[in-house]
Every structure is written in C-alpha cells, then in structure tokens.
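Asker: I have a structure here, written as structure tokens, and I will follow up with some questions on it.
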Amino acid sequence: MTTNPLHLRPGKIVAVHLNYRSRAVQRGRAPDHPSYFLKPSSSLSADGAALVRPPGCELLAFEGEIALVIGERTRDIEPEQGWSRVQWVTAANDAGLHDLRYADRGSNLRSKGGDGFTPVGPVLLDATELDPRALRLRTWVNGELVQDDSTENLLFDLGLLVADLSRTSTLEPGDIILTGTPAGASVVVPGDVVEVQVDDGVRSTGRLRNPVVAGEYPLAAFGAPPKVDATARADAYGRTPGLDPELAAQLNSVGTATLSAQLRNRGLPNMSIDGVRPTKPGLRLLGIAKTLRYLPLREDLVPVGPMNAQKRSVESVAPGEVLVMEARGEHGAGTIGDILALRAQMRGAAGIVTDGAVRDSAAVAALDIPTYAAAAHPSVLGRLHIPWETDTVIACGGTVVRPGDILVGDDDGVIVVPPALAGEVAEASVEQERQERFIAEQVASGASIVGLYPLGPDWRERYRIWCAADESTTN
C-alpha cells in the first residue's frame with residue numbers, strides 16, 4: 001500500500017468506453033468487445049485537486065472508476081495472465097466536458113483530456129492482495145451515494161482488459177487503465193464535491209475527494225466552442241437520448257393491456273406498476289426510466305443542503321426520460337408538487353410516475369407532462385420520506401424498475417417493458433391488436449366468438465384476406 005499516486009507519472013492513461021452491465025442498460029447497448037480511448041498524462045491529478053469547469057461550459061461530468069496501475073512491461077499476453085501484470089489498484093474519476101465532445105468525436109481529447117480531469121487515489125492498494133472479481137466501486141456527490149457497483153458486474157473482466165490492450169500496445173510500468181464506470185455517472189456543477197472509493201470489504205483506497213469549481217477564464221475563441229444539444233445533454237447525464245423512432249411508434253400505437261398480455265406470454269406477468277392513475281386521463285406516457293427512491297423519515301439521516309436527491313433527480317432528468325419514484329406505496333405525503341413537475345416538463349421529461357402521492361394535484365394535472373400517481377396529498381415529502389438514491393433499481397407499485405427500462409402508460413395504467421424484449425413485444429402487440437380489430441368487426445357483424453376469439457384455424461384465411469385489404473386501404 002502506498003499513499004502517493006502522483007509518483008506514478010504514467011506514459012499513458014487508457015480508458016474503457018463501456019464495461020458495466022448497469023451502464024450498458026442505460027446506454028441501451030452492450031458491446032461484443034471492449035473499446036478504448038487515451039487520456040494524456042497531463043490530465044492526472046490527486047485527492048483534493050479541483051475539477052475546473054470553464055466559463056461557458058455546462059456539462060462537466062464525473063465517472064467514478066477503478067484504476068489499474070501496470071507493474072511490469074507487458075506485451076501480447078493471455079487474459080488469465082492479465083491480473084498478474086497489475087501492481088496497484090486505486091480510485092479514479094474519469095471527468096470530462098461533454099460540451100466539447102463533438103469537437104473530437106471518438107478520441108475525446110479535448111472533452112476528457114483537460115488538466116486535472118483524471119484524479120486518482122488517495123491510496124494505492126497492492127493488487128496481489130485483492131480478488132479482481134470482488135472489488136466494490138462507490139461514488140458520492142455532496143455526500144449522496146450515486147454509484148454503487150461491483151466487478152462481478154463487468155462486461156469484460158480486469159485481466160481481459162490488460163491482455164486485450166497488450167495485443168497491439170506495449171504496456172509500461174506506471175501506465176494506468178481506467179476500467180469503466182457503472183450507472184449513475186452524471187453532471188456536476190461548481191460547488192459540488194465528488195468522492196470515489198474502491199474497496200474489497202477489508203482494504204480501501206479511501207475516498208478520492210475533488211471539489212468542482214468555476215474557472216476564471218473562458219476558452220479562447222479561436223478553437224472549437226462549447227456546444228450543447230439534447231443528445232449531448234442526455235449523454236452527459238449518462239443516458240440514451242431517446243427510443244428508436246420506429247420502436248416508439250409501435251409502442252405508442254398499442255394499449256398497455258396488450259403489452260401486459262405479451263409480456264405475460266413471455267413469462268413476465270408482474271410488469272405493471274399497480275395502483276397508479278393518470279392525473280390527466282387521455283395523455284399517453286412513453287419514455288425511459290430514471291429512478292428515485294424515498295426511504296421512511298429518520299430525522300438524523302435527513303440530508304443537509306438545498307439539493308437533496310429529489311431535486312437533483314429533477315435537475316438531471318433528460319429529454320425522453322420518465323422520473324419513476326419508489327415511495328413504498330405511502331400515500332400520506334407528496335412525492336412531487338407542481339413546481340418540480342413543471343421543471344421536469346421544461347427539461348423535456350417524458351413523464352412522472354410515483355406509487356406515492358402528488359401535491360398540488362390540480363396544478364400538476366393542468367401541466368402537459370403525463371403524471372401517474374397513487375394518491376393526492378397536501379403534505380410535503382418531509383412528513384414521511386427522505387429522498388435517498390437516484391439511478392438505482394427500485395420497487396414501484398409492486399414491480400421492479402431499473403434505470404433504462406421502458407415505461408408505457410395509458411388510462412389503464414403503466415407497464416414496464418425490458419429494453420431487451422421491447423422490439424419483439426412491440427411487434428407482437430401490434431399484431432395482436434390487428435387481430436383483435438378483425439375479431440371485433442366479425443363480432444359486430446354477428447359472428448360467434450367460438451373459434452374466432454382467440455383466432456382459430458377456421459378464420460385464418462379470412463383474416464389474411466382482411467389484412468391484405470386493410471393494408472391496401474391504408475396505403
């Protein structure tokens with residue numbers, strides 16, 4: 001163990017793009033092989049150093065990561081040899097300015113390579129004393145836990161990363177590999193403090209603590225200027241900018257009852273968020289889940305400061321996301337009111353879902369954002385709740401909701417659709433509703449439901465002819 005990470009002076013810092021399953025769910029994709037980018041050694045900094053956001057920039061993002069420090073010259077080794085080439089393990093923050101990501105798409109040089117954008121430390125752990133499959137990574141922002149994951153949940157294990165890089169590049173002693181970030185990485189602003197820690201339950205790096213400060217001088221005008229759009233903002237907040245348009249159109253064209261039936265056919269009968277009703281009937285909901293958990297009130301655990309987890313979740317919700325809140329089914333206090341609901345609407349949120357209550361229910365109902373709640377109540381959340389965690393797996397209305405899940409809502413309620421099944425469920429739902437439209441026409445003409453509902457073999461040919469005629473009429 002050593003406490004002086006800056007003596008390393010790495011020849012290169014290599015960072016992995018995507019390596020935690022939780023992050024892959026947020027991104028909506030899982031790579032077949034790891035991919036990488038380089039950060040200059042001049043970006044290295046230490047515990048206590050400031051993360052500087054230049055004037056005119058908005059999207060300074062943190063990414064808590066496990067950093068590996070290579071201990072010996074390594075070239076062209078096998079994955080099972082990879083861990084033996086690691087000398088030290090420590091915590092790292094792969095910080096970056098998403099305002100500049102467009103300028104060097106792929107290389108991330110200006111967005112990720114700024115001075116001080118790779119703090120590491122404070123303690124280096126001896127890799128020979130660690131199990132690479134049992135390391136825990138946690139990140140806090142202003143004392144709130146925002147990332148908590150384990151190397152058990154990696155797409156590509158740590159030894160594989162070392163070996164993979166060694167196929168084409170010689171790794172030298174002191175080189176640093178940043179091994180990816182889990183779900184929960186997001187944007188920070190001046191005044192925030194980011195802390196990252198790695199441990200195995202016995203040994204710990206301690207908390208790598210870096211305050212965010214506002215820079216004194218704007219970027220010079222002769223280079224690429226900061227640029228922010230909906231895609232950059234969603235990417236900085238750690239989430240995909242939205243659903244595939246074709247998939248969204250299919251999901252929007254079918255009812256939640258149909259989606260529920262198709263999920264049940266695939267062995268998932270418990271995908272409805274029970275007990276919630278729309279504040280404005282007739283307004284459909286479709287978006288990607290961003291989660292927030294409330295715990296029961298315990299006065300000594302109430303966070304200090306104006307930006308608790310509830311307000312942070314509203315201020316970080318991205319366009320196309322649904323803010324989903326676990327309130328334990330408690331109806332005796334509000335979980336959101338009209339001002340924060342309006343703020344979510346202004347940020348482009350696709351909706352709000354809570355298994356608790358809303359305050360200012362008439363004002364919330366007057367907004368254009370689809371909102372589903374279990375009740376209305378005049379009390380503030382501090383009567384019963386502590387806003388506790390964001391971007392984590394929650395239980396809402398009797399079902400599990402993960403960040404990145406797809407939510408669909410109509411007047412019947414809200415259904416959770418796993419992203420991996422969304423395409424086939426949407427396609428099957430469209431076909432089911434087409435069949436049901438045909439069946440309804442036959443029943444309206446006097447046909448018996450025997451052999452017709454569900455569609456039996458005696459009706460298949462007539463259904464095929466009906467579909468052809470319907471398609472020609474539609475076109």
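By convention in this document, the chains of the structure tokens carry letters A, B, ... by their order, each chain's residues are numbered from 1, and ligands are numbered from 1 in the order they are shown.
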Could you pull the residues within 7 Å of Ala46 of chain A, counting only C-alpha atoms, minus those fewer than 4 positions along the same chain, as JSON, numbers by chain?
Answerer: {"A": [6, 119, 120, 121, 122]}
Asker: DSSP on the backbone: what in segment 40-271 of chain A comes out alpha helix (DSSP H), as a PyMOL selection string?
Answerer: chain A and resi 79-82+109-112+158-166+230-236+245-252+256-265
Asker: Would you put the residues from that selection into a file with C-alpha atoms, as a PDB file, in the first residue's frame?
Answerer:
ATOM      1  CA  PRO A  79      -6.344 -12.976 -20.366  1.00  0.00           C
ATOM      2  CA  GLU A  80      -5.510 -15.316 -17.481  1.00  0.00           C
ATOM      3  CA  GLN A  81      -2.134 -13.562 -17.182  1.00  0.00           C
ATOM      4  CA  GLY A  82      -3.572 -10.044 -17.198  1.00  0.00           C
ATOM      5  CA  LEU A 109      -9.087  14.524 -26.449  1.00  0.00           C
ATOM      6  CA  ARG A 110     -10.478  17.933 -25.520  1.00  0.00           C
ATOM      7  CA  SER A 111     -13.539  16.695 -23.662  1.00  0.00           C
ATOM      8  CA  LYS A 112     -11.695  14.176 -21.446  1.00  0.00           C
ATOM      9  CA  LEU A 158      -9.976  -6.709 -15.456  1.00  0.00           C
ATOM     10  CA  GLY A 159      -7.415  -9.266 -16.591  1.00  0.00           C
ATOM     11  CA  LEU A 160      -9.009  -9.389 -20.032  1.00  0.00           C
ATOM     12  CA  LEU A 161      -8.631  -5.622 -20.412  1.00  0.00           C
ATOM     13  CA  VAL A 162      -4.896  -5.816 -19.727  1.00  0.00           C
ATOM     14  CA  ALA A 163      -4.425  -8.694 -22.153  1.00  0.00           C
ATOM     15  CA  ASP A 164      -6.576  -7.108 -24.844  1.00  0.00           C
ATOM     16  CA  LEU A 165      -4.582  -3.892 -24.782  1.00  0.00           C
ATOM     17  CA  SER A 166      -1.333  -5.858 -24.847  1.00  0.00           C
ATOM     18  CA  ALA A 230     -30.369  17.371 -26.421  1.00  0.00           C
ATOM     19  CA  THR A 231     -28.128  14.468 -27.429  1.00  0.00           C
ATOM     20  CA  ALA A 232     -25.053  15.890 -25.694  1.00  0.00           C
ATOM     21  CA  ARG A 233     -27.053  16.658 -22.566  1.00  0.00           C
ATOM     22  CA  ALA A 234     -28.569  13.179 -22.404  1.00  0.00           C
ATOM     23  CA  ASP A 235     -25.155  11.593 -22.995  1.00  0.00           C
ATOM     24  CA  ALA A 236     -23.588  13.686 -20.226  1.00  0.00           C
ATOM     25  CA  PRO A 245     -38.409   6.208 -33.551  1.00  0.00           C
ATOM     26  CA  GLU A 246     -39.859   3.064 -35.136  1.00  0.00           C
ATOM     27  CA  LEU A 247     -40.000   1.268 -31.786  1.00  0.00           C
ATOM     28  CA  ALA A 248     -41.533   4.338 -30.143  1.00  0.00           C
ATOM     29  CA  ALA A 249     -44.238   4.493 -32.837  1.00  0.00           C
ATOM     30  CA  GLN A 250     -45.093   0.831 -32.304  1.00  0.00           C
ATOM     31  CA  LEU A 251     -45.265   1.135 -28.518  1.00  0.00           C
ATOM     32  CA  ASN A 252     -47.352   4.280 -28.792  1.00  0.00           C
ATOM     33  CA  THR A 256     -50.921  -1.263 -22.016  1.00  0.00           C
ATOM     34  CA  ALA A 257     -53.377  -4.162 -21.749  1.00  0.00           C
ATOM     35  CA  THR A 258     -51.918  -5.599 -24.949  1.00  0.00           C
ATOM     36  CA  LEU A 259     -48.343  -5.075 -23.763  1.00  0.00           C
ATOM     37  CA  SER A 260     -49.214  -6.758 -20.480  1.00  0.00           C
ATOM     38  CA  ALA A 261     -50.572  -9.801 -22.326  1.00  0.00           C
ATOM     39  CA  GLN A 262     -47.461 -10.106 -24.496  1.00  0.00           C
ATOM     40  CA  LEU A 263     -45.151  -9.812 -21.501  1.00  0.00           C
ATOM     41  CA  ARG A 264     -47.175 -12.460 -19.700  1.00  0.00           C
ATOM     42  CA  ASN A 265     -46.775 -14.738 -22.750  1.00  0.00           C
TER      43      ASN A 265
END
Asker: Which is closest to Asp148 of chain A among A:Asp199, A:Asp94, A:Asp229, A:Asp458, if we use only C-alpha atoms?
Answerer: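 Of A:Asp199, A:Asp94, A:Asp229, A:Asp458, the one nearest Asp148 of chain A is A:Asp199, counting only C-alpha atoms.
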Asker: Interatomic distance between atom CA of Thr128 of chain A and atom CA of Asn19 of chain A?
Answerer: 22.6 Å
Asker: At a cut-off of 12 Å, using only C-alpha atoms, what residues contact segment 446-455 of chain A? Leave out same-chain residues fewer than 6 positions from it and give the result as a PyMOL selection string.
Answerer: chain A and resi 431-440+461-464
Asker: From segment 68-217 of chain A, collect each residue whose DSSP state is strand (DSSP E) and return the set as a ChimeraX atom specification.
Answerer: /A:68-70,86-93,96-97,118-126,136-141,144-150,176-178,187-188,193-199,208-214
Asker: Need to verify the contact set: Asp99 of chain A, 8 Å, only C-alpha atoms, exclusion of same-chain residues closer than 3 positions in sequence. Can you return it as a ChimeraX atom specification?
Answerer: /A:57-60,102,111,226-228,232
